[in-house]
Structures are given as C-alpha cells and as structure tokens.
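Enquirer: The file below is input-v9.cif, mmCIF, C-alpha atoms and all ligand atoms:
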```cif
data_protein
loop_
_atom_site.label_atom_id
_atom_site.label_comp_id
_atom_site.auth_asym_id
_atom_site.auth_seq_id
_atom_site.Cartn_x
_atom_site.Cartn_y
_atom_site.Cartn_z
CA MET L 19 -43.96 -6.38 7.43
CA LYS L 20 -46.51 -9.02 8.14
CA ARG L 21 -49.28 -6.81 6.77
CA THR L 22 -47.95 -6.95 3.25
CA GLU L 23 -46.98 -10.57 3.68
CA GLN L 24 -50.64 -11.32 4.25
CA TYR L 25 -51.50 -9.53 1.06
CA SER L 26 -48.87 -11.55 -0.67
CA GLU L 27 -50.37 -14.72 0.78
CA ARG L 28 -53.79 -13.60 -0.43
CA LEU L 29 -52.46 -13.21 -3.95
CA SER L 30 -50.82 -16.64 -3.72
CA ARG L 31 -54.14 -18.09 -2.61
CA LEU L 32 -56.07 -16.43 -5.41
CA TYR L 33 -53.58 -17.41 -8.09
CA PRO L 34 -51.86 -20.60 -6.85
CA GLU L 35 -50.89 -21.63 -10.37
CA LEU L 36 -48.85 -18.46 -10.70
CA HIS L 37 -46.87 -19.15 -7.57
CA GLU L 38 -45.55 -22.58 -8.53
CA PRO L 39 -41.73 -22.58 -8.26
CA VAL L 40 -39.83 -22.30 -11.54
CA GLY L 41 -36.86 -24.66 -11.12
CA THR L 42 -35.43 -23.82 -7.74
CA GLU L 43 -36.62 -20.23 -7.82
CA LYS L 44 -39.37 -19.43 -5.35
CA ILE L 45 -42.21 -17.37 -6.74
CA LEU L 46 -43.70 -14.67 -4.60
CA THR L 47 -45.44 -11.35 -4.67
CA GLN L 48 -43.02 -8.51 -4.28
CA THR L 49 -43.64 -5.27 -2.44
CA ILE L 50 -42.59 -1.87 -3.70
CA THR L 51 -42.67 0.86 -1.10
CA PHE L 52 -43.11 4.50 -2.08
CA GLN L 53 -42.09 6.91 0.64
CA VAL L 54 -44.28 9.74 -0.58
CA THR L 55 -43.08 12.11 2.14
CA ASP L 56 -40.78 12.02 5.13
CA ASP L 57 -42.93 14.60 6.86
CA CYS L 58 -45.34 13.58 9.62
CA ASN L 59 -48.07 15.30 11.60
CA LEU L 60 -47.16 13.37 14.75
CA ALA L 61 -43.93 13.21 16.71
CA CYS L 62 -44.04 9.66 18.12
CA LYS L 63 -41.48 9.03 20.77
CA TYR L 64 -40.16 5.70 19.49
CA CYS L 65 -40.37 6.38 15.75
CA TYR L 66 -37.43 4.64 14.06
CA GLN L 67 -37.47 7.36 11.41
CA THR L 68 -35.18 9.56 13.39
CA HIS L 69 -34.35 11.89 10.54
CA LYS L 70 -37.71 13.36 9.66
CA GLY L 71 -37.85 16.17 7.17
CA LYS L 72 -40.21 17.98 4.88
CA LYS L 73 -39.45 16.16 1.66
CA LYS L 74 -42.24 15.25 -0.71
CA MET L 75 -41.99 12.97 -3.69
CA SER L 76 -42.78 14.71 -6.97
CA PHE L 77 -45.19 13.04 -9.36
CA ASP L 78 -42.42 13.01 -11.96
CA THR L 79 -40.23 10.89 -9.63
CA ALA L 80 -43.08 8.50 -8.91
CA LYS L 81 -43.86 8.20 -12.60
CA LYS L 82 -40.25 7.34 -13.43
CA MET L 83 -40.32 4.58 -10.81
CA ILE L 84 -43.55 3.11 -12.19
CA ASP L 85 -42.13 3.28 -15.73
CA LEU L 86 -39.00 1.41 -14.62
CA LEU L 87 -41.13 -1.25 -12.94
CA LEU L 88 -43.46 -1.75 -15.88
CA THR L 89 -40.87 -1.62 -18.67
CA GLY L 90 -38.16 -3.48 -16.75
CA GLU L 91 -35.59 -1.11 -18.20
CA LYS L 92 -32.27 0.00 -16.67
CA GLY L 93 -31.68 -3.18 -14.70
CA MET L 94 -35.16 -3.40 -13.17
CA ARG L 95 -36.14 -6.59 -15.00
CA ASP L 96 -33.35 -8.53 -13.29
CA TYR L 97 -34.58 -7.43 -9.88
CA ILE L 98 -38.30 -7.78 -10.33
CA ASN L 99 -40.42 -9.15 -13.16
CA PRO L 100 -43.87 -10.71 -13.55
CA ARG L 101 -42.47 -14.22 -13.88
CA ARG L 102 -40.72 -14.10 -10.54
CA SER L 103 -43.40 -11.94 -8.93
CA PRO L 104 -46.82 -12.62 -10.48
CA GLY L 105 -48.42 -9.99 -8.26
CA LEU L 106 -47.34 -6.58 -7.09
CA ILE L 107 -48.02 -4.73 -3.86
CA ILE L 108 -47.50 -1.00 -3.98
CA ASP L 109 -47.14 0.23 -0.46
CA PHE L 110 -47.36 3.92 0.47
CA ILE L 111 -45.57 5.09 3.58
CA GLY L 112 -44.30 8.31 5.10
CA GLY L 113 -43.75 10.07 7.47
CA GLU L 114 -47.50 10.12 7.24
CA PRO L 115 -48.53 9.05 3.73
CA LEU L 116 -52.01 10.62 3.85
CA LEU L 117 -50.36 14.06 3.92
CA GLU L 118 -49.77 13.31 0.23
CA VAL L 119 -53.08 11.68 -0.58
CA GLY L 120 -53.40 13.59 -3.88
CA LEU L 121 -50.06 12.21 -5.02
CA ILE L 122 -51.04 8.68 -3.93
CA ASP L 123 -54.18 8.97 -6.05
CA ARG L 124 -52.17 10.11 -9.06
CA ILE L 125 -49.65 7.28 -8.64
CA CYS L 126 -52.44 4.67 -8.42
CA SER L 127 -54.18 6.09 -11.49
CA TYR L 128 -50.97 6.28 -13.50
CA THR L 129 -49.97 2.74 -12.52
CA ILE L 130 -53.29 1.21 -13.53
CA GLY L 131 -53.52 3.38 -16.66
CA GLN L 132 -50.08 2.28 -17.84
CA MET L 133 -50.81 -1.35 -17.04
CA ILE L 134 -53.93 -1.17 -19.20
CA GLU L 135 -52.04 0.48 -22.02
CA LEU L 136 -49.25 -2.10 -21.89
CA ASN L 137 -51.68 -4.97 -21.28
CA HIS L 138 -49.37 -5.75 -18.42
CA PRO L 139 -49.58 -9.12 -16.62
CA TRP L 140 -49.63 -7.27 -13.29
CA LEU L 141 -52.86 -5.42 -14.13
CA MET L 142 -55.27 -7.74 -12.32
CA LYS L 143 -52.79 -8.64 -9.60
CA THR L 144 -51.72 -5.29 -8.27
CA MET L 145 -52.80 -4.11 -4.86
CA PHE L 146 -52.14 -0.91 -2.96
CA SER L 147 -51.52 -0.57 0.70
CA ILE L 148 -51.43 2.42 3.05
CA CYS L 149 -50.43 2.48 6.69
CA SER L 150 -51.52 5.70 8.37
CA ASN L 151 -51.68 7.28 11.82
CA GLY L 152 -55.33 8.16 11.07
CA VAL L 153 -54.99 11.84 11.92
CA CYS L 154 -56.31 13.16 8.61
CA TYR L 155 -58.55 10.19 7.80
CA PHE L 156 -61.80 12.18 7.82
CA GLU L 157 -60.61 14.87 5.41
CA PRO L 158 -62.89 14.80 2.35
CA GLU L 159 -60.05 14.26 -0.11
CA VAL L 160 -58.72 11.33 1.92
CA GLN L 161 -62.19 9.79 2.04
CA LYS L 162 -62.60 10.21 -1.68
CA VAL L 163 -59.30 8.50 -2.48
CA LEU L 164 -59.79 5.64 -0.02
CA GLN L 165 -63.22 4.91 -1.46
CA LYS L 166 -61.96 5.19 -5.03
CA TRP L 167 -59.28 2.51 -4.55
CA ASN L 168 -61.14 0.48 -1.94
CA ASN L 169 -61.26 -2.76 -3.93
CA ARG L 170 -57.50 -2.79 -4.41
CA LEU L 171 -56.56 -1.34 -1.05
CA SER L 172 -55.26 -2.63 2.25
CA PHE L 173 -55.60 0.26 4.68
CA SER L 174 -54.35 0.22 8.23
CA VAL L 175 -54.29 2.70 11.06
CA THR L 176 -51.62 2.20 13.65
CA VAL L 177 -53.18 1.79 17.07
CA ASP L 178 -50.90 0.93 19.96
CA GLY L 179 -53.30 -1.13 21.99
CA ASN L 180 -55.19 1.03 24.45
CA LYS L 181 -55.46 4.78 24.97
CA GLU L 182 -52.87 4.97 27.72
CA LEU L 183 -50.30 3.08 25.71
CA HIS L 184 -51.01 4.87 22.48
CA ASP L 185 -50.98 8.35 23.98
CA SER L 186 -47.80 7.71 25.91
CA CYS L 187 -45.92 7.65 22.60
CA ARG L 188 -48.11 8.80 19.72
CA VAL L 189 -48.39 12.51 20.25
CA PHE L 190 -48.47 15.68 18.20
CA PRO L 191 -45.38 17.91 18.26
CA ASP L 192 -47.07 20.05 20.93
CA GLY L 193 -47.57 16.95 23.07
CA HIS L 194 -51.31 16.44 22.70
CA PRO L 195 -52.46 12.87 22.17
CA SER L 196 -53.75 11.17 19.01
CA TYR L 197 -55.55 8.03 20.21
CA ASP L 198 -59.10 9.35 19.76
CA LEU L 199 -58.41 10.33 16.16
CA ALA L 200 -56.76 7.01 15.34
CA ILE L 201 -59.51 4.95 16.84
CA ALA L 202 -62.27 6.96 15.16
CA ALA L 203 -60.56 6.34 11.83
CA ALA L 204 -60.08 2.62 12.46
CA LYS L 205 -63.69 2.15 13.58
CA ASP L 206 -65.10 4.08 10.65
CA TRP L 207 -63.10 2.04 8.15
CA MET L 208 -64.18 -1.23 9.76
CA ASN L 209 -67.83 -0.06 9.95
CA LYS L 210 -67.71 0.58 6.22
CA GLY L 211 -66.70 -3.04 5.79
CA GLY L 212 -63.04 -2.28 5.10
CA TYR L 213 -60.31 -4.69 6.10
CA MET L 214 -58.26 -3.14 8.89
CA GLY L 215 -54.71 -4.28 9.37
CA SER L 216 -52.90 -3.79 12.63
CA LYS L 217 -49.43 -3.67 14.02
CA VAL L 218 -48.60 -3.54 17.71
CA THR L 219 -44.96 -2.86 18.46
CA ILE L 220 -43.74 -4.34 21.71
CA ALA L 221 -40.72 -2.62 23.22
CA PRO L 222 -39.04 -2.67 26.64
CA ALA L 223 -41.05 0.40 27.66
CA ASN L 224 -44.47 -1.14 26.97
CA VAL L 225 -44.05 -4.92 27.22
CA MET L 226 -45.92 -4.87 30.56
CA HIS L 227 -49.01 -3.61 28.68
CA THR L 228 -49.09 -6.39 26.06
CA TYR L 229 -52.19 -8.01 27.55
CA ASP L 230 -54.08 -4.70 27.85
CA ALA L 231 -53.13 -3.70 24.33
CA ILE L 232 -54.20 -6.91 22.60
CA THR L 233 -57.40 -7.45 24.56
CA HIS L 234 -58.40 -3.86 23.92
CA MET L 235 -57.95 -4.38 20.19
CA ILE L 236 -60.01 -7.57 20.30
CA GLU L 237 -62.76 -5.62 22.06
CA LEU L 238 -62.58 -2.91 19.41
CA GLY L 239 -63.40 -5.50 16.76
CA TYR L 240 -60.00 -6.36 15.33
CA ASN L 241 -59.80 -10.05 14.50
CA GLU L 242 -56.34 -9.99 13.01
CA ILE L 243 -53.70 -8.58 15.29
CA ASN L 244 -50.06 -8.44 14.35
CA ALA L 245 -47.70 -7.78 17.19
CA ASN L 246 -43.97 -8.17 17.44
CA CYS L 247 -41.08 -7.37 19.72
CA VAL L 248 -38.65 -4.79 18.40
CA TYR L 249 -35.25 -6.03 17.22
CA GLU L 250 -33.38 -3.13 18.75
CA GLU L 251 -31.04 -3.32 21.70
CA GLY L 252 -32.58 -2.68 25.12
CA TRP L 253 -34.18 -5.97 26.15
CA LYS L 254 -33.19 -7.18 29.63
CA PRO L 255 -33.77 -10.71 31.09
CA VAL L 256 -36.63 -9.41 33.25
CA HIS L 257 -38.56 -8.36 30.14
CA ALA L 258 -38.75 -12.01 29.06
CA THR L 259 -40.37 -12.94 32.37
CA VAL L 260 -42.83 -10.06 32.04
CA PHE L 261 -43.59 -11.05 28.44
CA TYR L 262 -44.26 -14.67 29.42
CA ASP L 263 -46.67 -13.53 32.15
CA GLN L 264 -48.44 -11.22 29.70
CA LEU L 265 -48.78 -14.00 27.12
CA LYS L 266 -50.17 -16.34 29.74
CA LYS L 267 -52.76 -13.78 30.78
CA LEU L 268 -53.67 -13.21 27.16
CA ALA L 269 -53.93 -16.96 26.60
CA ASP L 270 -56.35 -17.22 29.56
CA TYR L 271 -58.42 -14.37 28.11
CA ILE L 272 -58.69 -16.12 24.73
CA LEU L 273 -59.63 -19.39 26.39
CA GLU L 274 -62.19 -17.79 28.71
CA HIS L 275 -63.81 -15.85 25.88
CA ASN L 276 -63.87 -18.91 23.65
CA LEU L 277 -62.19 -17.15 20.74
CA ASP L 278 -61.85 -19.46 17.77
CA MET L 279 -58.20 -19.16 16.77
CA GLU L 280 -58.61 -21.45 13.82
CA LYS L 281 -61.44 -19.66 12.08
CA ASP L 282 -62.15 -16.21 13.50
CA TYR L 283 -58.97 -14.77 14.97
CA TYR L 284 -55.34 -14.42 14.09
CA ILE L 285 -53.06 -13.10 16.80
CA SER L 286 -49.50 -13.30 15.59
CA LEU L 287 -48.04 -13.75 19.07
CA PHE L 288 -49.51 -17.27 19.02
CA GLU L 289 -48.25 -19.37 16.14
CA GLU L 290 -48.78 -23.10 16.09
CA LYS L 291 -45.97 -23.91 13.71
CA TYR L 292 -43.15 -22.04 15.42
CA PHE L 293 -40.86 -22.78 18.34
CA ARG L 294 -39.19 -25.92 17.05
CA PRO L 295 -35.88 -26.58 15.25
CA LYS L 296 -35.63 -25.59 11.63
CA GLN L 297 -34.69 -28.04 8.92
CA GLU L 298 -31.04 -27.65 7.93
CA ASP L 299 -32.02 -27.02 4.34
CA ASP L 300 -34.46 -24.27 5.31
CA LEU L 301 -32.21 -21.36 4.52
CA GLU L 302 -34.80 -18.76 3.71
CA ASN L 303 -34.29 -15.21 4.91
CA TRP L 304 -36.87 -14.03 7.42
CA CYS L 305 -38.03 -11.12 5.30
CA GLY L 306 -37.76 -9.55 1.88
CA GLY L 307 -35.03 -7.17 2.99
CA ASN L 308 -32.38 -9.28 1.28
CA GLY L 309 -33.04 -8.12 -2.24
CA VAL L 310 -36.65 -9.15 -2.73
CA MET L 311 -38.44 -5.91 -1.87
CA LEU L 312 -37.85 -2.42 -3.17
CA ALA L 313 -38.38 1.03 -1.75
CA VAL L 314 -38.05 4.47 -3.25
CA ASP L 315 -37.60 7.66 -1.22
CA PRO L 316 -38.98 11.15 -2.00
CA ASP L 317 -35.82 12.01 -3.97
CA GLY L 318 -36.16 8.93 -6.17
CA ILE L 319 -33.32 6.96 -4.56
CA ILE L 320 -34.00 3.23 -4.60
CA TYR L 321 -33.31 0.88 -1.64
CA PRO L 322 -33.87 -2.83 -0.96
CA CYS L 323 -36.35 -1.92 1.81
CA LEU L 324 -37.45 1.31 3.49
CA ARG L 325 -35.40 0.40 6.55
CA TYR L 326 -32.18 0.99 4.55
CA MET L 327 -33.09 4.63 3.97
CA GLU L 328 -31.25 7.49 5.62
CA SER L 329 -34.34 8.30 7.68
CA SER L 330 -34.24 4.82 9.29
CA LEU L 331 -30.57 4.21 9.98
CA ALA L 332 -30.16 6.70 12.84
CA GLY L 333 -26.99 8.02 11.22
CA GLN L 334 -25.18 4.78 12.14
CA GLN L 335 -24.47 3.67 8.56
CA GLU L 336 -24.61 5.29 5.21
CA PRO L 337 -27.89 4.69 3.34
CA TYR L 338 -27.80 1.39 1.45
CA SER L 339 -29.07 2.60 -1.90
CA ILE L 340 -29.04 0.38 -4.96
CA GLY L 341 -30.11 2.82 -7.66
CA ASP L 342 -32.31 5.76 -8.51
CA VAL L 343 -35.23 6.48 -10.77
CA ASP L 344 -33.09 8.19 -13.42
CA THR L 345 -30.20 5.78 -13.85
CA GLY L 346 -32.05 2.61 -12.82
CA ILE L 347 -31.01 -0.21 -10.54
CA CYS L 348 -27.53 -1.80 -10.17
CA GLN L 349 -26.06 0.49 -12.80
CA CYS L 350 -22.77 1.10 -10.98
CA GLU L 351 -20.28 -1.24 -9.33
CA CYS L 352 -21.26 -0.20 -5.80
CA HIS L 353 -24.97 -0.87 -6.33
CA LYS L 354 -24.25 -4.11 -8.17
CA CYS L 355 -22.05 -5.27 -5.35
CA ARG L 356 -24.69 -4.42 -2.74
CA VAL L 357 -27.40 -6.37 -4.54
CA GLU L 358 -25.08 -9.32 -5.10
CA CYS L 359 -24.28 -9.31 -1.39
CA LEU L 360 -28.00 -9.23 -0.53
CA LYS L 361 -28.90 -12.04 -2.91
CA LYS L 362 -26.20 -14.27 -1.46
CA ILE L 363 -27.28 -14.03 2.13
CA ASP L 364 -29.52 -16.58 3.74
CA ARG L 365 -30.25 -17.98 7.18
CA ARG L 366 -26.98 -19.91 7.22
CA THR L 367 -24.72 -17.04 6.25
CA GLN L 368 -26.34 -14.58 8.68
CA SER L 369 -26.72 -16.84 11.72
CA THR L 370 -24.22 -17.97 14.29
CA ASP L 371 -24.12 -21.76 14.85
CA GLU L 372 -26.13 -21.21 18.02
CA CYS L 373 -28.97 -19.60 16.10
CA PHE L 374 -28.73 -21.92 13.12
CA ASN L 375 -29.02 -25.01 15.30
CA CYS L 376 -31.31 -23.47 17.89
CA PRO L 377 -34.04 -25.86 19.13
CA VAL L 378 -36.65 -23.08 18.82
CA ALA L 379 -35.28 -21.42 15.66
CA GLU L 380 -38.61 -21.66 13.86
CA GLY L 381 -40.26 -18.24 14.06
CA CYS L 382 -37.28 -16.42 15.55
CA SER L 383 -36.99 -13.39 13.35
CA TRP L 384 -34.44 -10.80 12.39
CA CYS L 385 -34.35 -7.62 10.35
CA THR L 386 -31.73 -7.71 7.64
CA ALA L 387 -31.63 -3.92 7.40
CA TYR L 388 -31.26 -3.52 11.15
CA ASN L 389 -28.38 -5.97 10.97
CA TYR L 390 -26.79 -3.63 8.46
CA GLN L 391 -27.38 -0.73 10.84
CA VAL L 392 -25.66 -2.58 13.70
CA PHE L 393 -22.87 -4.43 11.93
CA GLY L 394 -22.26 -2.43 8.75
CA THR L 395 -23.24 -5.49 6.70
CA PRO L 396 -26.65 -7.06 6.20
CA ASP L 397 -24.99 -10.47 6.32
CA ALA L 398 -25.01 -10.77 10.11
CA ARG L 399 -27.68 -11.22 12.76
CA ALA L 400 -28.48 -9.12 15.79
CA THR L 401 -30.04 -11.31 18.49
CA TYR L 402 -31.24 -8.82 21.10
CA ILE L 403 -34.63 -10.47 20.66
CA CYS L 404 -33.36 -13.91 21.80
CA ASN L 405 -34.87 -14.09 25.29
CA MET L 406 -38.14 -12.61 24.08
CA HIS L 407 -38.46 -15.38 21.51
CA LYS L 408 -37.80 -18.01 24.14
CA ALA L 409 -40.45 -16.43 26.40
CA ARG L 410 -42.86 -16.41 23.48
CA ALA L 411 -42.14 -20.10 22.88
CA LEU L 412 -43.04 -20.88 26.50
CA GLY L 413 -46.19 -18.75 26.26
CA ASN L 414 -47.22 -20.67 23.16
CA ILE L 415 -46.75 -24.05 24.87
CA TYR L 416 -49.11 -22.81 27.56
CA PHE L 417 -51.64 -21.41 25.14
CA TRP L 418 -51.87 -24.10 22.49
CA ASN L 419 -51.86 -27.09 24.78
CA ASN L 420 -54.65 -25.56 26.86
CA TYR L 421 -56.48 -24.57 23.68
CA TYR L 422 -56.29 -28.09 22.22
CA LYS L 423 -57.49 -29.55 25.50
CA LYS L 424 -60.40 -27.14 25.82
CA HIS L 425 -61.58 -27.70 22.25
CA GLY L 426 -61.00 -31.45 22.26
CA ILE L 427 -58.44 -31.15 19.46
CA ASP L 428 -56.15 -34.12 19.12
CA LYS L 429 -52.89 -32.18 18.92
CA HIS L 430 -50.01 -31.35 21.22
CA MET L 431 -47.37 -28.67 20.95
CA GLU L 432 -44.03 -30.12 21.87
CA ASN L 433 -41.83 -28.10 24.18
CA TYR L 434 -38.41 -27.69 22.54
CA VAL L 435 -37.15 -25.02 24.93
CA PRO L 436 -34.22 -26.41 26.93
CA GLU L 437 -34.93 -26.42 30.67
CA LYS L 438 -31.86 -24.31 31.36
CA TRP L 439 -33.11 -21.56 29.07
CA ALA L 440 -36.61 -21.74 30.49
CA LEU L 441 -35.42 -21.40 34.09
CA ASP L 442 -33.89 -18.02 33.24
CA ILE L 443 -37.44 -16.89 32.49
CA ILE L 444 -39.89 -18.90 34.60
CA THR L 445 -39.80 -20.82 37.88
CA GLN L 446 -39.28 -24.56 38.23
CA ALA L 447 -42.93 -24.94 39.26
CA GLU L 448 -44.06 -23.11 36.12
CA TRP L 449 -41.76 -25.28 34.00
CA ASN L 450 -43.22 -28.42 35.56
CA MET L 451 -46.74 -27.13 34.93
CA LEU L 452 -45.95 -26.45 31.24
CA ASN L 453 -44.61 -29.95 30.79
CA SER L 454 -47.67 -31.48 32.38
CA LEU L 455 -50.01 -29.95 29.81
S1 LIG L 501 -31.87 -15.52 18.71
FE1 LIG L 501 -31.98 -17.01 20.38
S2 LIG L 501 -34.00 -17.94 20.18
FE2 LIG L 501 -33.53 -16.94 18.24
S3 LIG L 501 -32.59 -18.54 16.95
FE3 LIG L 501 -30.93 -17.42 17.98
S4 LIG L 501 -30.53 -18.64 19.85
FE4 LIG L 501 -32.57 -19.25 19.09
S1 LIG L 502 -35.23 -5.61 6.37
FE1 LIG L 502 -36.30 -5.21 8.31
S2 LIG L 502 -37.80 -3.62 7.81
FE2 LIG L 502 -37.09 -4.53 5.86
S3 LIG L 502 -38.55 -6.17 5.41
FE3 LIG L 502 -36.90 -7.08 6.59
S4 LIG L 502 -37.61 -7.01 8.74
FE4 LIG L 502 -38.84 -5.57 7.56
#
```
Using structure tokens, write down the structure that the file contains.
Expert:
Amino acid sequence: MKRTEQYSERLSRLYPELHEPVGTEKILTQTITFQVTDDCNLACKYCYQTHKGKKKMSFDTAKKMIDLLLTGEKGMRDYINPRRSPGLIIDFIGGEPLLEVGLIDRICSYTIGQMIELNHPWLMKTMFSICSNGVCYFEPEVQKVLQKWNNRLSFSVTVDGNKELHDSCRVFPDGHPSYDLAIAAAKDWMNKGGYMGSKVTIAPANVMHTYDAITHMIELGYNEINANCVYEEGWKPVHATVFYDQLKKLADYILEHNLDMEKDYYISLFEEKYFRPKQEDDLENWCGGNGVMLAVDPDGIIYPCLRYMESSLAGQQEPYSIGDVDTGICQCECHKCRVECLKKIDRRTQSTDECFNCPVAEGCSWCTAYNYQVFGTPDARATYICNMHKARALGNIYFWNNYYKKHGIDKHMENYVPEKWALDIITQAEWNMLNSL
C-alpha cells in the first residue's frame, strides 16, 4: 500500500496547512479502492485473490458510491469527510483494472463532474491511481484514457524484478509468460515522462532473487522501488539468512554504483528511520486497514480495505463488509460493530508485549486484514514476518553505516538487534563486523 501512501504524502506536502491535526485527530488523505472487476487476463501463481470470477462493476454501482462519498449521506460523512481527509485518492484495482478501462474513464469523469457541480473541496485534491499487469497497455482505448487523466494519475505496472522471476509466476492461463508485455508498458510510460510506481513482493519462493530483482529494476530506470516481504505463513529461519545476504549484496551494488539514496533513489528495503524501539505513545496502526480506507467490490459491497473482500480471504473468514452502495455505511448493528472494532484497534491492542516492546519495532509491519483472515478478528497480529524484519534490520545496519562512511556523512545507525536474535541469522564474525562499522 506504499504506492498510495506516497500519493498521500505528496498531497500532504502540497497542502501542508490542510494536514494540520484538529485536536487529537490526525489528518490524512484517504484512499477509496474501486474493484472494477474481479476478472484477470493473467493467472499468477501467488495471487492472493484466490476467488477470481467474471464480475464487473456497473456504472450505476460506481455512481452510487461516488454520490455517497460526495454527499456524505447514509453514514458516509462519519467515515470520511473533507475535514478529516483533505485529499482523496481513488484507486482502481481488479483482477486487472484495465479490462474495464471504459468504466474507469466514466467513473473519473463523473467524479470530477460532480465535484465541479457541488464546488466540492476535494475537487483540486483528488488523484486517481491504477495498478495494472500491463498486458493491455497498448490498446488504443487504454492509451486514450491514460493520457486523458495523466495529470491526476499514478499508474503502475507490476514487474517482479527480472524476466526469470516475473515469468515464473506471472503467466497467462495457458502458461505463457507476460514479462515482455509488462516491461514494454512500463518503459513506454516512463519514456513518456509518466511516474511509474513499483511493487516487488518478496516471498519464500523468490527471496533468493531479491538482489537480481531490485538491481534489474534500477537498470530499467526505476528510481523508486517498493519491495516488501509477504505477511503470510511460510517463512523459515533460513529465509532470514538468505534475505540478509541478498540485502548485503544489494547494499554493495548501491555503494559501488554510487547511487544517491538521499536525492535520486528510494528503495524501501533500506529505511534510515526504522529498526529501533518505538515510543510507548506511538500507537498508530501500520496501515489504513483499521477503518481509514474504503473499498467497494463489483457488487457494490463496501469494505474497510480490499483485503477484507471475499476474493482475498481464501475462504478462511467471511467477508468483512461494512455497508453497500444502496444502504450506505454502518447502517446495521453488525456493520456498526465492525467499524467500532476497527476504530478502537491500535498498535497496543493488536501487539503482544514482545512486539510492543521490541527493540526493532520501528518499521515492523502487519496487515490488519490478514490478521482478520488468520485470527477471525482484526485486533490481533500475525508475526510470520518477524525473522525477516530482524534480517532487514541487520542489512540496514550494514548498508547505512557503509553509506555514511563512503559519503562522509556524520551519522551512524545504531544496532538495536539483540545479539541472540542476530546469531540466529548471521555468524558471530558477521555480527562483529556489523558492530565495527
Ligand atoms: S514481529 Fe518480531 S521484529 Fe516485529 S515487532 Fe514483533 S518481535 Fe519485533
Ligand atoms: S489491511 Fe493489509 S492490505 Fe489493507 S491496507 Fe492494511 S496492509 Fe494493506
């Protein structure tokens, strides 16, 4: 979700005065996700949307959702309003959203048209975002729509690092690969001067390719690379060791190629401000999945995030809906209760004492909706990612302290990882080397 977070940060930067807290309430830009179809032209092997279908959102459904958002009627105002969220990000997902590019165009036009008519405060602060597999990027209608909304659009094509990695998972239903199409789309968009977002998903099956994937993207011209380890079960201790080695190799690449990580590049695996204890009063949820975001599915059912939809929960829990486009949001006891539960949860209520007091808690993430999938309540925390975060912390100590040294920067990243934890991942000699930096 980092992609839309960056958009949100951009809006905060452009309009800082609008993001000043009101009382204790934090002001932020909220994201509304429209799942315009659950159909897809690929059959990716790891896709979390296990229940793919052929549903398409009707324009009437989309229109009702926009009307609810703009009028604030039927409970919507309490969930989202321009005071709490000065900007709006309307995110289109699928399946593959570009299969419904005509609908996307109509939704964008209707949204802006209504905002003009209502002289709505969101008019100048609404952005659209599309994340696509790139397969139908060159179709004339797609090109027309992308160009039409270009100045309000964040467009990204999912590329899983290099060809081998991408084609091992991202295939058509008949098994043929999709890398060449994705990369042609990404390059064309960047050549036209478009901003290209990215998202590399690191899982047990591909963690050994992390270095290849990220360096390949750098060579393709990406200068902002978002990568994260999946939250799902399946990580083994050995993966943490592999991940550390991959991060170290990547760090050496960045140092050798003199990449400027302060001005020119952002690679989310390396974060200067993470890997330390969190303040006790920092109770913020990791993401907006606790009642800050909204998502609507093709049938017009409303959820707190797309990950709570039936298509994402692998049949393990019932969909966590909180309303629909006809009746509105929180209009029955069940939906009210769900939203109240979401609004009450924070880092303290979800975390065990071990996580809450963890010396490297800063930057260790969780997915509130996945927690619901695992535990039947969003107010819990799955920690399958634990060792991967610790490995990332060690990789960051290596990277930043070498980076500061190389560039003569008077900074030092402190190592908060306890030795005992580190020695489950790296050798004593490696530990000693990290502490000598
Ligand atoms: S999951 Fe592990 S690394 Fe993350 S906060 Fe909890 S104990 Fe710390
Ligand atoms: S609940 Fe999960 S999928 Fe939804 S915003 Fe949070 S991390 Fe992302």
Enquirer: Counting all atoms listed in the file, what are the residues, protein, DNA or RNA alike, that approach ligand LIG 501 (chain L) to within 12 Å? I want them as number ranges by chain.
Expert: L: 249, 258, 292-296, 304, 365-366, 368-385, 398-412, 434-436, 439-440
Enquirer: So which one's closest to ligand LIG 502 (chain L), L:Gly215, L:Gly90, L:Pro322, L:Pro139? Using only C-alpha atoms and all ligand atoms, please.
Expert: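 Result for the nearest residue to ligand LIG 502 (chain L): L:Pro322.
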Enquirer: What does the structure give for the distance between atom CA of L:Val175 and atom CA of L:Ser330, in Å to one decimal?
Expert: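 Taking atom CA of L:Val175 and atom CA of L:Ser330, their separation equals 20.2 Å.
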Enquirer: Could you tell me how far atom CA of L:Ser186 lies from atom CA of L:Gln264, in Å and to one decimal?
Expert: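 Rounded to one decimal, the two atoms are 19.3 Å apart.
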Enquirer: Residues within 6 Å of ligand LIG 502 (chain L) should be enumerated using all atoms listed in the file and returned as a list in words.
Expert: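 Residues lying within 6 Å of ligand LIG 502 (chain L): Met19, Cys305, Gly306, Gly307, Cys323, Arg325, Cys385, Thr386 and Ala387 of chain L.
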Enquirer: Could you pull the residues within 6 Å of L:Gly71, counting only C-alpha atoms, minus those fewer than 2 positions along the same chain, as a list in words?
Expert: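 Once the nearby chain positions are removed, what remains is Asp56, Asp57 and Lys73 of chain L.
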Enquirer: Pick from L:Leu60, L:Asp364, L:Pro104, L:Lys424: nearest to L:Pro195, with only C-alpha atoms counted?
Expert: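 Distance minimum relative to L:Pro195 lands on L:Leu60.
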Enquirer: Separation of atom CA of L:Met327 and atom CA of L:Asn389, in Å?
Expert: 13.5 Å
Enquirer: Could you tell me which of L:Asp123, L:Glu250, L:Asp109, L:Glu135 comes closest to L:Thr89 if we count all atoms listed in the file?
Expert: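 The closest residue to L:Thr89 is L:Glu135.
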Enquirer: Here is a test: counting only C-alpha atoms, which residue of L:Glu302, L:Asp317, L:Glu351, L:Glu242 is nearest to L:Ser174?
Expert: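 Result for the nearest residue to L:Ser174: L:Glu242.
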Enquirer: For a quick check of your reading of the model, name the residues lying within 12 Å of the coordinate (-50.3, 3.4, 22.3), counting only C-alpha atoms, and write them as a PyMOL selection string.
Expert: chain L and resi 62-64+151+175-189+195-198+200-201+217-221+223-225+227-228+230-232+234-235
Enquirer: Have a look at L:Ala204, L:Ile111, L:Met451, L:Ile340 and name the one nearest to L:Asn420; count only C-alpha atoms.
Expert: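 Closest residue, counting only C-alpha atoms: L:Met451.
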Enquirer: Using only C-alpha atoms, can you tell me which of L:Gly120, L:Pro396, L:Pro115, L:Gly413 comes closest to L:Ser147?
Expert: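 Looking at the shortest contact to L:Ser147, the residue is L:Pro115.
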Enquirer: Counting only C-alpha atoms, what is within 9 Å of L:Asp282, bar same-chain residues fewer than 3 positions away, as a list in words?
Expert: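 Once the nearby chain positions are removed, what remains is Asn241, Glu242, Leu277, Asp278 and Met279 of chain L.
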